[in-house]
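Text of query_7.txt (compact mmCIF, C-alpha atoms (C1' of nucleotides)) as supplied:
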# COMPACT_ATOMS: atom_id res chain seq x y z
CA MET A 1 0.00 0.00 0.00
CA ARG A 2 2.62 2.52 -1.06
CA SER A 3 0.09 5.15 -2.03
CA VAL A 4 -1.40 5.49 1.44
CA ASN A 5 0.88 8.34 2.22
CA ARG A 6 0.56 10.02 -1.13
CA ASP A 7 -3.21 9.78 -1.27
CA PRO A 8 -4.07 9.58 2.37
CA LYS A 9 -7.65 10.75 2.48
CA SER A 10 -9.56 8.92 -0.14
CA LEU A 11 -9.13 5.22 0.59
CA ILE A 12 -9.00 5.60 4.33
CA ASN A 13 -11.99 7.86 4.50
CA ARG A 14 -13.91 5.56 2.21
CA TYR A 15 -13.02 2.68 4.47
CA ILE A 16 -14.05 4.50 7.64
CA ASN A 17 -17.30 5.71 6.19
CA ALA A 18 -18.18 2.23 4.98
CA GLU A 19 -17.21 0.67 8.29
CA PHE A 20 -19.32 3.10 10.30
CA THR A 21 -22.30 2.83 7.99
CA VAL A 22 -22.27 -0.95 7.91
CA MET A 23 -21.76 -1.31 11.62
CA LYS A 24 -24.52 1.11 12.46
CA HIS A 25 -27.03 -0.58 10.22
CA LEU A 26 -26.04 -4.05 11.30
CA PHE A 27 -26.36 -3.19 14.97
CA ASN A 28 -29.66 -1.45 14.43
CA GLU A 29 -31.13 -4.33 12.51
CA ILE A 30 -29.78 -6.90 14.91
CA GLY A 31 -31.13 -4.90 17.80
CA GLU A 32 -34.56 -4.81 16.20
CA ALA A 33 -34.50 -8.44 15.20
CA ILE A 34 -33.20 -10.00 18.38
CA PRO A 35 -35.97 -11.40 20.51
CA GLU A 36 -36.37 -10.46 24.16
CA GLN A 37 -34.54 -7.17 23.59
CA LEU A 38 -30.99 -8.45 23.60
CA THR A 39 -28.47 -5.67 23.06
CA PRO A 40 -25.57 -6.34 20.69
CA GLU A 41 -23.22 -6.67 23.65
CA GLN A 42 -25.52 -9.13 25.36
CA PHE A 43 -25.85 -11.09 22.14
CA GLN A 44 -22.11 -11.29 21.70
CA ILE A 45 -21.61 -12.49 25.26
CA LEU A 46 -24.18 -15.23 24.83
CA CYS A 47 -22.44 -16.08 21.57
CA VAL A 48 -19.05 -16.58 23.21
CA ILE A 49 -20.47 -18.68 26.04
CA HIS A 50 -22.42 -20.72 23.51
CA GLN A 51 -19.33 -21.38 21.42
CA ARG A 52 -17.13 -22.29 24.36
CA GLY A 53 -19.66 -24.03 26.54
CA SER A 54 -18.52 -21.96 29.49
CA CYS A 55 -16.13 -19.16 30.36
CA THR A 56 -15.17 -16.65 33.05
CA SER A 57 -15.58 -12.90 33.42
CA THR A 58 -11.88 -12.49 32.79
CA ASP A 59 -12.17 -14.37 29.49
CA LEU A 60 -14.97 -12.08 28.38
CA ALA A 61 -13.15 -8.95 29.51
CA ASP A 62 -10.11 -10.02 27.45
CA ILE A 63 -12.17 -10.88 24.39
CA PHE A 64 -14.15 -7.65 24.40
CA LYS A 65 -11.34 -5.41 25.62
CA VAL A 66 -13.29 -3.97 28.52
CA VAL A 67 -12.61 -3.98 32.24
CA LYS A 68 -14.04 -6.74 34.34
CA SER A 69 -16.57 -4.56 36.11
CA SER A 70 -18.27 -3.94 32.77
CA ILE A 71 -18.65 -7.68 32.33
CA THR A 72 -20.02 -8.04 35.84
CA ALA A 73 -22.73 -5.53 34.99
CA ILE A 74 -23.81 -7.18 31.72
CA VAL A 75 -23.62 -10.68 33.13
CA THR A 76 -25.69 -9.66 36.13
CA ARG A 77 -28.45 -8.47 33.82
CA LEU A 78 -28.33 -11.73 31.88
CA VAL A 79 -28.35 -13.78 35.10
CA ASP A 80 -31.32 -11.75 36.37
CA ARG A 81 -33.18 -12.60 33.19
CA GLY A 82 -32.35 -16.28 33.53
CA PHE A 83 -30.12 -16.61 30.45
CA ILE A 84 -26.81 -17.30 32.23
CA ALA A 85 -25.85 -19.33 35.31
CA ARG A 86 -23.00 -18.36 37.62
CA THR A 87 -21.26 -21.36 39.21
CA ARG A 88 -18.37 -21.22 41.65
CA ASP A 89 -15.48 -23.41 40.48
CA GLU A 90 -14.68 -25.91 43.24
CA GLU A 91 -11.12 -26.47 41.98
CA ASP A 92 -10.22 -22.80 42.17
CA ARG A 93 -12.75 -21.00 44.26
CA ARG A 94 -11.74 -17.61 42.88
CA LEU A 95 -13.34 -18.49 39.55
CA VAL A 96 -16.97 -17.98 38.64
CA VAL A 97 -17.90 -20.17 35.69
CA LEU A 98 -20.50 -18.72 33.33
CA SER A 99 -22.73 -21.00 31.29
CA LEU A 100 -26.00 -20.73 29.36
CA THR A 101 -29.20 -21.92 30.97
CA GLU A 102 -31.67 -23.83 28.81
CA LEU A 103 -33.60 -20.59 28.35
CA GLY A 104 -30.39 -18.77 27.51
CA ARG A 105 -29.47 -21.33 24.87
CA SER A 106 -32.90 -21.11 23.32
CA ILE A 107 -32.89 -17.31 23.24
CA TYR A 108 -29.39 -17.29 21.79
CA GLU A 109 -30.31 -19.71 19.05
CA GLN A 110 -33.32 -17.65 18.04
CA ALA A 111 -31.27 -14.48 18.00
CA ASP A 112 -28.46 -16.13 16.06
CA GLN A 113 -30.91 -17.29 13.42
CA LYS A 114 -32.14 -13.73 12.96
CA VAL A 115 -28.60 -12.44 12.62
CA GLN A 116 -27.83 -15.13 10.03
CA ASP A 117 -30.93 -14.12 8.10
CA ILE A 118 -30.04 -10.45 8.14
CA VAL A 119 -26.51 -11.01 6.94
CA ALA A 120 -27.60 -13.58 4.37
CA SER A 121 -30.11 -11.09 2.98
CA TYR A 122 -27.20 -8.79 2.17
CA LEU A 123 -24.68 -11.37 1.06
CA VAL A 124 -27.14 -12.60 -1.52
CA HIS A 125 -26.31 -9.51 -3.58
CA PHE A 126 -22.69 -10.59 -4.03
CA ASP A 127 -21.12 -13.40 -5.96
CA GLU A 128 -19.43 -16.09 -4.02
CA THR A 129 -15.81 -15.33 -4.80
CA GLU A 130 -16.38 -11.67 -4.02
CA VAL A 131 -17.68 -12.61 -0.60
CA GLU A 132 -14.85 -15.00 0.04
CA THR A 133 -12.24 -12.47 -0.95
CA PHE A 134 -13.93 -9.81 1.13
CA ILE A 135 -14.16 -11.97 4.22
CA GLY A 136 -10.62 -13.22 3.76
CA THR A 137 -9.32 -9.66 3.77
CA TYR A 138 -11.55 -8.80 6.69
CA GLU A 139 -10.25 -11.71 8.73
CA LYS A 140 -6.68 -10.74 7.93
CA LEU A 141 -7.43 -7.26 9.24
CA ALA A 142 -9.08 -8.68 12.36
CA ARG A 143 -6.02 -10.88 12.93
CA LEU A 144 -3.64 -7.94 12.56
CA MET A 145 -5.65 -5.97 15.06
CA SER A 146 -5.84 -8.79 17.59
CA GLU A 147 -2.11 -9.44 17.38
CA GLY A 148 -1.54 -5.71 17.10
CA ARG A 149 -0.31 -3.35 19.76
CA SER A 150 3.12 -4.07 18.35
CA ARG A 151 2.78 -1.46 15.66
CA ALA A 152 4.20 2.02 16.15
CA MET B 1 -24.17 -16.29 -3.31
CA ARG B 2 -26.15 -19.44 -3.86
CA SER B 3 -24.32 -21.37 -1.16
CA VAL B 4 -25.46 -19.11 1.64
CA ASN B 5 -28.39 -21.33 2.32
CA ARG B 6 -26.53 -24.58 1.91
CA ASP B 7 -23.60 -23.58 4.04
CA PRO B 8 -25.16 -20.98 6.23
CA LYS B 9 -22.88 -20.86 9.25
CA SER B 10 -19.33 -20.64 8.06
CA LEU B 11 -19.19 -17.55 5.84
CA ILE B 12 -21.69 -15.55 7.82
CA ASN B 13 -20.15 -16.34 11.15
CA ARG B 14 -16.72 -15.56 9.82
CA TYR B 15 -18.04 -12.26 8.57
CA ILE B 16 -19.72 -11.37 11.84
CA ASN B 17 -16.72 -12.33 13.92
CA ALA B 18 -14.43 -10.26 11.74
CA GLU B 19 -16.81 -7.31 11.77
CA PHE B 20 -17.11 -7.32 15.55
CA THR B 21 -13.40 -7.78 16.12
CA VAL B 22 -12.38 -5.05 13.74
CA MET B 23 -14.97 -2.60 14.99
CA LYS B 24 -14.08 -3.17 18.61
CA HIS B 25 -10.39 -2.63 18.04
CA LEU B 26 -10.90 0.33 15.80
CA PHE B 27 -13.17 2.05 18.29
CA ASN B 28 -10.83 1.31 21.17
CA GLU B 29 -7.80 2.64 19.35
CA ILE B 30 -9.61 5.68 18.06
CA GLY B 31 -10.91 6.36 21.55
CA GLU B 32 -7.40 6.18 22.95
CA ALA B 33 -5.86 8.20 20.19
CA ILE B 34 -8.37 11.01 19.94
CA PRO B 35 -7.30 14.10 21.80
CA GLU B 36 -9.49 15.81 24.35
CA GLN B 37 -11.33 12.57 25.05
CA LEU B 38 -13.65 12.62 22.06
CA THR B 39 -15.88 9.56 21.99
CA PRO B 40 -16.39 7.82 18.62
CA GLU B 41 -19.90 9.30 18.42
CA GLN B 42 -18.62 12.78 19.12
CA PHE B 43 -15.89 12.33 16.55
CA GLN B 44 -18.38 11.21 13.93
CA ILE B 45 -20.62 14.18 14.62
CA LEU B 46 -17.75 16.62 14.27
CA CYS B 47 -16.84 14.75 11.09
CA VAL B 48 -20.25 15.27 9.51
CA ILE B 49 -20.39 18.94 10.46
CA HIS B 50 -16.85 19.40 9.15
CA GLN B 51 -17.71 17.79 5.82
CA ARG B 52 -20.93 19.72 5.36
CA GLY B 53 -19.94 23.02 6.87
CA SER B 54 -23.14 23.01 8.91
CA CYS B 55 -26.17 20.86 9.60
CA THR B 56 -29.18 20.43 11.86
CA SER B 57 -30.05 17.99 14.61
CA THR B 58 -32.52 16.33 12.31
CA ASP B 59 -29.80 15.74 9.71
CA LEU B 60 -27.61 14.08 12.32
CA ALA B 61 -30.44 11.99 13.69
CA ASP B 62 -31.17 10.73 10.16
CA ILE B 63 -27.53 9.99 9.40
CA PHE B 64 -26.87 8.12 12.62
CA LYS B 65 -30.29 6.48 12.86
CA VAL B 66 -31.00 7.74 16.37
CA VAL B 67 -33.81 9.87 17.75
CA LYS B 68 -33.34 13.59 17.95
CA SER B 69 -33.12 13.72 21.72
CA SER B 70 -29.92 11.65 21.53
CA ILE B 71 -28.44 14.25 19.23
CA THR B 72 -29.50 17.06 21.54
CA ALA B 73 -27.57 15.38 24.35
CA ILE B 74 -24.36 14.84 22.42
CA VAL B 75 -24.46 18.25 20.79
CA THR B 76 -25.03 19.91 24.15
CA ARG B 77 -21.83 18.31 25.46
CA LEU B 78 -19.91 19.48 22.42
CA VAL B 79 -21.35 22.99 22.72
CA ASP B 80 -20.41 23.04 26.42
CA ARG B 81 -16.85 22.18 25.50
CA GLY B 82 -16.75 24.90 22.87
CA PHE B 83 -16.45 22.66 19.80
CA ILE B 84 -19.82 23.41 18.20
CA ALA B 85 -21.93 26.58 17.85
CA ARG B 86 -25.73 26.57 17.83
CA THR B 87 -27.21 29.31 15.66
CA ARG B 88 -30.91 29.98 15.17
CA ASP B 89 -31.78 30.12 11.48
CA GLU B 90 -33.43 33.47 10.76
CA GLU B 91 -35.16 32.17 7.62
CA ASP B 92 -36.90 29.36 9.43
CA ARG B 93 -36.77 29.98 13.14
CA ARG B 94 -37.54 26.35 13.96
CA LEU B 95 -34.08 25.35 12.76
CA VAL B 96 -30.93 25.33 14.85
CA VAL B 97 -27.87 25.36 12.63
CA LEU B 98 -24.85 23.52 14.00
CA SER B 99 -21.34 24.50 12.95
CA LEU B 100 -17.79 23.97 14.18
CA THR B 101 -16.09 26.67 16.19
CA GLU B 102 -12.44 27.40 15.47
CA LEU B 103 -11.54 25.21 18.43
CA GLY B 104 -13.87 22.50 17.20
CA ARG B 105 -12.29 22.52 13.75
CA SER B 106 -8.84 22.30 15.25
CA ILE B 107 -9.76 19.42 17.56
CA TYR B 108 -11.47 17.60 14.72
CA GLU B 109 -8.48 17.94 12.46
CA GLN B 110 -6.14 16.57 15.10
CA ALA B 111 -8.46 13.65 15.79
CA ASP B 112 -8.90 12.95 12.10
CA GLN B 113 -5.16 12.81 11.63
CA LYS B 114 -4.88 10.19 14.37
CA VAL B 115 -7.63 8.12 12.83
CA GLN B 116 -5.92 8.29 9.45
CA ASP B 117 -2.68 7.15 11.05
CA ILE B 118 -4.32 4.21 12.79
CA VAL B 119 -6.06 2.98 9.69
CA ALA B 120 -2.99 3.56 7.55
CA SER B 121 -0.92 1.50 9.97
CA TYR B 122 -3.16 -1.47 9.20
CA LEU B 123 -3.65 -0.87 5.48
CA VAL B 124 0.09 -0.94 5.03
CA HIS B 125 -0.04 -4.74 5.42
CA PHE B 126 -2.18 -5.14 2.30
CA ASP B 127 -1.40 -4.63 -1.34
CA GLU B 128 -3.17 -1.87 -3.12
CA THR B 129 -5.57 -3.85 -5.28
CA GLU B 130 -6.57 -5.95 -2.28
CA VAL B 131 -7.47 -2.78 -0.40
CA GLU B 132 -9.36 -1.35 -3.34
CA THR B 133 -11.33 -4.54 -3.85
CA PHE B 134 -12.07 -4.78 -0.17
CA ILE B 135 -13.26 -1.22 0.16
CA GLY B 136 -15.26 -1.51 -3.04
CA THR B 137 -17.15 -4.47 -1.65
CA TYR B 138 -17.53 -2.72 1.68
CA GLU B 139 -19.03 0.35 0.05
CA LYS B 140 -21.41 -1.78 -1.96
CA LEU B 141 -22.56 -3.36 1.30
CA ALA B 142 -22.92 0.04 2.95
CA ARG B 143 -24.95 1.23 -0.02
CA LEU B 144 -27.25 -1.78 0.12
CA MET B 145 -27.82 -1.18 3.79
CA SER B 146 -28.53 2.53 3.38
CA GLU B 147 -30.97 1.91 0.58
CA GLY B 148 -32.18 -1.17 2.39
CA ARG B 149 -35.33 -1.60 4.43
CA SER B 150 -36.80 -2.81 1.15
CA ARG B 151 -35.54 -6.34 1.69
CA ALA B 152 -37.75 -9.01 3.24
C1' DA C 1 4.24 -23.02 57.27
C1' DT C 2 3.44 -18.21 57.02
C1' DT C 3 2.77 -14.26 54.79
C1' DG C 4 2.90 -11.06 50.95
C1' DA C 5 1.77 -10.75 46.11
C1' DA C 6 -1.00 -11.99 42.40
C1' DT C 7 -5.53 -13.25 40.61
C1' DA C 8 -10.81 -13.31 40.21
C1' DG C 9 -14.59 -11.11 40.88
C1' DT C 10 -17.90 -7.54 42.82
C1' DT C 11 -19.51 -2.98 44.38
C1' DC C 12 -19.98 1.81 43.91
C1' DG C 13 -20.19 6.29 41.82
C1' DA C 14 -19.46 8.55 37.77
C1' DT C 15 -20.05 9.57 32.56
C1' DT C 16 -21.89 8.78 27.93
C1' DA C 17 -25.27 7.27 24.64
C1' DG C 18 -29.62 5.94 23.72
C1' DT C 19 -35.01 5.74 24.13
C1' DG C 20 -39.83 7.57 24.33
C1' DA C 21 -43.18 10.77 25.95
C1' DA C 22 -44.44 15.34 26.79
C1' DC C 23 -43.52 19.84 25.82
C1' DT C 24 -42.55 24.71 23.20
C1' DA C 25 -42.04 27.24 19.22
C1' DT C 26 -42.50 27.92 14.49
C1' DT C 27 -44.14 27.18 9.83
C1' DT C 28 -47.35 25.55 6.44
C1' DG C 29 -51.44 24.39 4.05
C1' DG C 30 -56.39 23.62 3.50
C1' DC D 1 -56.89 31.43 10.39
C1' DC D 2 -56.40 27.43 12.58
C1' DA D 3 -54.99 22.62 12.56
C1' DA D 4 -51.28 19.76 11.42
C1' DA D 5 -46.61 19.16 10.55
C1' DT D 6 -41.89 20.16 11.71
C1' DA D 7 -37.70 21.27 14.75
C1' DG D 8 -35.82 21.00 18.79
C1' DT D 9 -35.57 20.42 23.96
C1' DT D 10 -36.47 18.41 28.51
C1' DC D 11 -37.10 14.64 31.53
C1' DA D 12 -36.87 10.14 33.47
C1' DC D 13 -35.17 5.86 32.49
C1' DT D 14 -31.83 2.00 30.86
C1' DA D 15 -27.37 0.02 29.14
C1' DA D 16 -22.49 0.03 28.76
C1' DT D 17 -18.33 1.63 30.30
C1' DC D 18 -14.66 3.21 33.48
C1' DG D 19 -11.71 3.36 37.65
C1' DA D 20 -10.99 2.86 42.46
C1' DA D 21 -11.75 0.35 46.46
C1' DC D 22 -12.97 -3.85 48.24
C1' DT D 23 -13.31 -9.34 49.44
C1' DA D 24 -11.84 -13.82 48.76
C1' DT D 25 -8.74 -17.15 47.20
C1' DT D 26 -4.44 -19.08 45.50
C1' DC D 27 0.49 -19.00 44.81
C1' DA D 28 5.23 -18.38 45.80
C1' DA D 29 9.19 -17.35 48.34
C1' DT D 30 11.50 -17.30 52.28

Can you dump the structure from the file as structure tokens?
Amino acid sequence: MRSVNRDPKSLINRYINAEFTVMKHLFNEIGEAIPEQLTPEQFQILCVIHQRGSCTSTDLADIFKVVKSSITAIVTRLVDRGFIARTRDEEDRRLVVLSLTELGRSIYEQADQKVQDIVASYLVHFDETEVETFIGTYEKLARLMSEGRSRA
Amino acid sequence: MRSVNRDPKSLINRYINAEFTVMKHLFNEIGEAIPEQLTPEQFQILCVIHQRGSCTSTDLADIFKVVKSSITAIVTRLVDRGFIARTRDEEDRRLVVLSLTELGRSIYEQADQKVQDIVASYLVHFDETEVETFIGTYEKLARLMSEGRSRA
DNA sequence: ATTGAATAGTTCGATTAGTGAACTATTTGG
DNA sequence: CCAAATAGTTCACTAATCGAACTATTCAAT
């Protein structure tokens, strides 16, 4: 990307505008579509616990790059609504293991289906190789950012 | 994208994971980098006013897909900090015209430079055609979403 | 074996962003 | 000219986030 410095505005601004627009719309539509009024953050937390089976507050704080007290707050709301169970780990009693309840799993699966539908309804406008290339580049970017912090 | 329905999870989940990861990191880094503690929302509002010269609360509410009272709140904070001026339109006295103060312009330009630097530091890992293809697809997606609401 | 440091999590008080309903002020159109 | 539409604000509420202070537990080093 030699031309970044010669032509700094155009590509980067196009990228930022697209990113903001897409993210805003996606979040809005997901917010509308998700049953039981799950926020995007709540949805993502259920998603991680669903994928892993269980996890801790510290795991979630690392994944989402927020401090642990933020996780406590969100998790408490989800526990109050019966979507998540908090279980003390008997091996290491400092740990609180988070897992989905049956209700939580069911809610997550409904929400996930809606998200799939929304995204699919957009992806249908692209041909397959375009999508694969796009996602490949996107994942590379996500990887760079996750590894990141080593850049200037 | 015929295979979306046959192979529904993989591509869509990869896309969503990448989207969330990238957005999270980008917002975090922008938040850290922006001077004077501008939040991403505040930055985006200054950005729109900077691009347009001036605008109204209703414009901003439309652009960001939020209700007008949200805009009132953010704008009030930016006015309090001296970044934005509210001017009653004498033609149509219902309108409040928002514009950047000198300070606001200066703060925005500093923040914008940091954002450019952050994005450039990632784009440098890609070759130019890859970036152009990626952004092209991204903009197409953003366009579909903006037009959207007409889908199922 | 004891104790001091690290780790896991919560609580509390603050700020920011967002919503919806009720409100004021102005303009417009039948 | 008056009713409806438009523009914006205020208010009370919720969600997410932060940071500092706190409890409880485990680990490590002497």

**Request:** Please provide the set of residues having any atom within 12 Å of Leu38 in chain A, restricted to all atoms listed in the file, with same-chain residues fewer than 2 positions apart removed, written as a VMD selection string.
**Result:** (chain A and resid 27 to 36 40 to 47 74 77 to 78 81 83 104 107 to 108 110 to 112 114 to 115) or (chain D and resid 15)

Shell around range 24-29 of chain C at 12 Å using only C-alpha atoms (C1' of nucleotides), local window under 6 positions removed, as a PDB file with C-alpha atoms (C1' of nucleotides), in the coordinates of the input:
ATOM      1  CA  ARG B  88     -30.910  29.980  15.170  1.00  0.00           C
ATOM      2  CA  ASP B  89     -31.780  30.120  11.480  1.00  0.00           C
ATOM      3  CA  GLU B  90     -33.430  33.470  10.760  1.00  0.00           C
ATOM      4  CA  GLU B  91     -35.160  32.170   7.620  1.00  0.00           C
ATOM      5  CA  ASP B  92     -36.900  29.360   9.430  1.00  0.00           C
ATOM      6  CA  ARG B  93     -36.770  29.980  13.140  1.00  0.00           C
ATOM      7  CA  ARG B  94     -37.540  26.350  13.960  1.00  0.00           C
ATOM      8  CA  LEU B  95     -34.080  25.350  12.760  1.00  0.00           C
ATOM      9  CA  VAL B  96     -30.930  25.330  14.850  1.00  0.00           C
TER      10      VAL B  96
ATOM     11  C1'  DC D   1     -56.890  31.430  10.390  1.00  0.00           C
ATOM     12  C1'  DC D   2     -56.400  27.430  12.580  1.00  0.00           C
ATOM     13  C1'  DA D   3     -54.990  22.620  12.560  1.00  0.00           C
ATOM     14  C1'  DA D   4     -51.280  19.760  11.420  1.00  0.00           C
ATOM     15  C1'  DA D   5     -46.610  19.160  10.550  1.00  0.00           C
ATOM     16  C1'  DT D   6     -41.890  20.160  11.710  1.00  0.00           C
ATOM     17  C1'  DA D   7     -37.700  21.270  14.750  1.00  0.00           C
ATOM     18  C1'  DG D   8     -35.820  21.000  18.790  1.00  0.00           C
ATOM     19  C1'  DT D   9     -35.570  20.420  23.960  1.00  0.00           C
ATOM     20  C1'  DT D  10     -36.470  18.410  28.510  1.00  0.00           C
TER      21       DT D  10
END

**Asked** How many Å separate CA of Met145 in chain B from CA of Met23 in chain B?
**Response** 17.1 Å

**Asked** What is the CA of Phe126 in chain A-CA of Thr21 in chain B distance in Å, reported with one decimal?
**Response** 22.4 Å

**Request:** With a distance threshold of 7 Å and counting all atoms listed in the file, extract the residues of chain A near chain B and express them as a ChimeraX atom specification.
**Result:** /A:1,4,12,15,18,21-22,25,116,119-120,123-124,126-128,134-135,137-139,142,145

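From CA of Thr58 in chain B back to CA of Ile71 in chain B, the distance works out to 8.3 Å.
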
As AutoDock Vina command-line options, please: the centre and edge lengths in Å, to one decimal, of an axis-aligned box enclosing every listed atom of range 1-9 of chain D with 6 Å added on each side.
--center_x -46.2 --center_y 25.3 --center_z 17.2 --size_x 33.3 --size_y 24.3 --size_z 25.6

**Item:** Expected answer as a list in words: chain D residues within 12 Å of chain A, all atoms listed in the file
**Value:**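 Written out as asked, the residues are DT14, DA15, DA16, DT17, DC18, DG19, DA20, DT23, DA24, DT25, DT26 and DC27 of chain D.
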
Please produce, as JSON lines, a per-residue contact table for chain C versus chain A (criterion: any atom at most 10 Å away, only C-alpha atoms (C1' of nucleotides) considered), showing the nearest atom pair and its distance in Å to one decimal, sorted by chain then residue number.
{"residue": "C:DT7", "atom": "C1'", "partner": "A:Arg94", "partner_atom": "CA", "distance": 7.9}
{"residue": "C:DA8", "atom": "C1'", "partner": "A:Arg94", "partner_atom": "CA", "distance": 5.1}
{"residue": "C:DG9", "atom": "C1'", "partner": "A:Arg94", "partner_atom": "CA", "distance": 7.4}
{"residue": "C:DT10", "atom": "C1'", "partner": "A:Thr72", "partner_atom": "CA", "distance": 7.3}
{"residue": "C:DT11", "atom": "C1'", "partner": "A:Ser69", "partner_atom": "CA", "distance": 8.9}

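The protein and nucleic acid residues lying at most 12 Å from DG4 in chain C are DC27, DA28, DA29 and DT30 of chain D, with only C-alpha atoms (C1' of nucleotides) considered and sequence neighbours fewer than 3 positions away removed.
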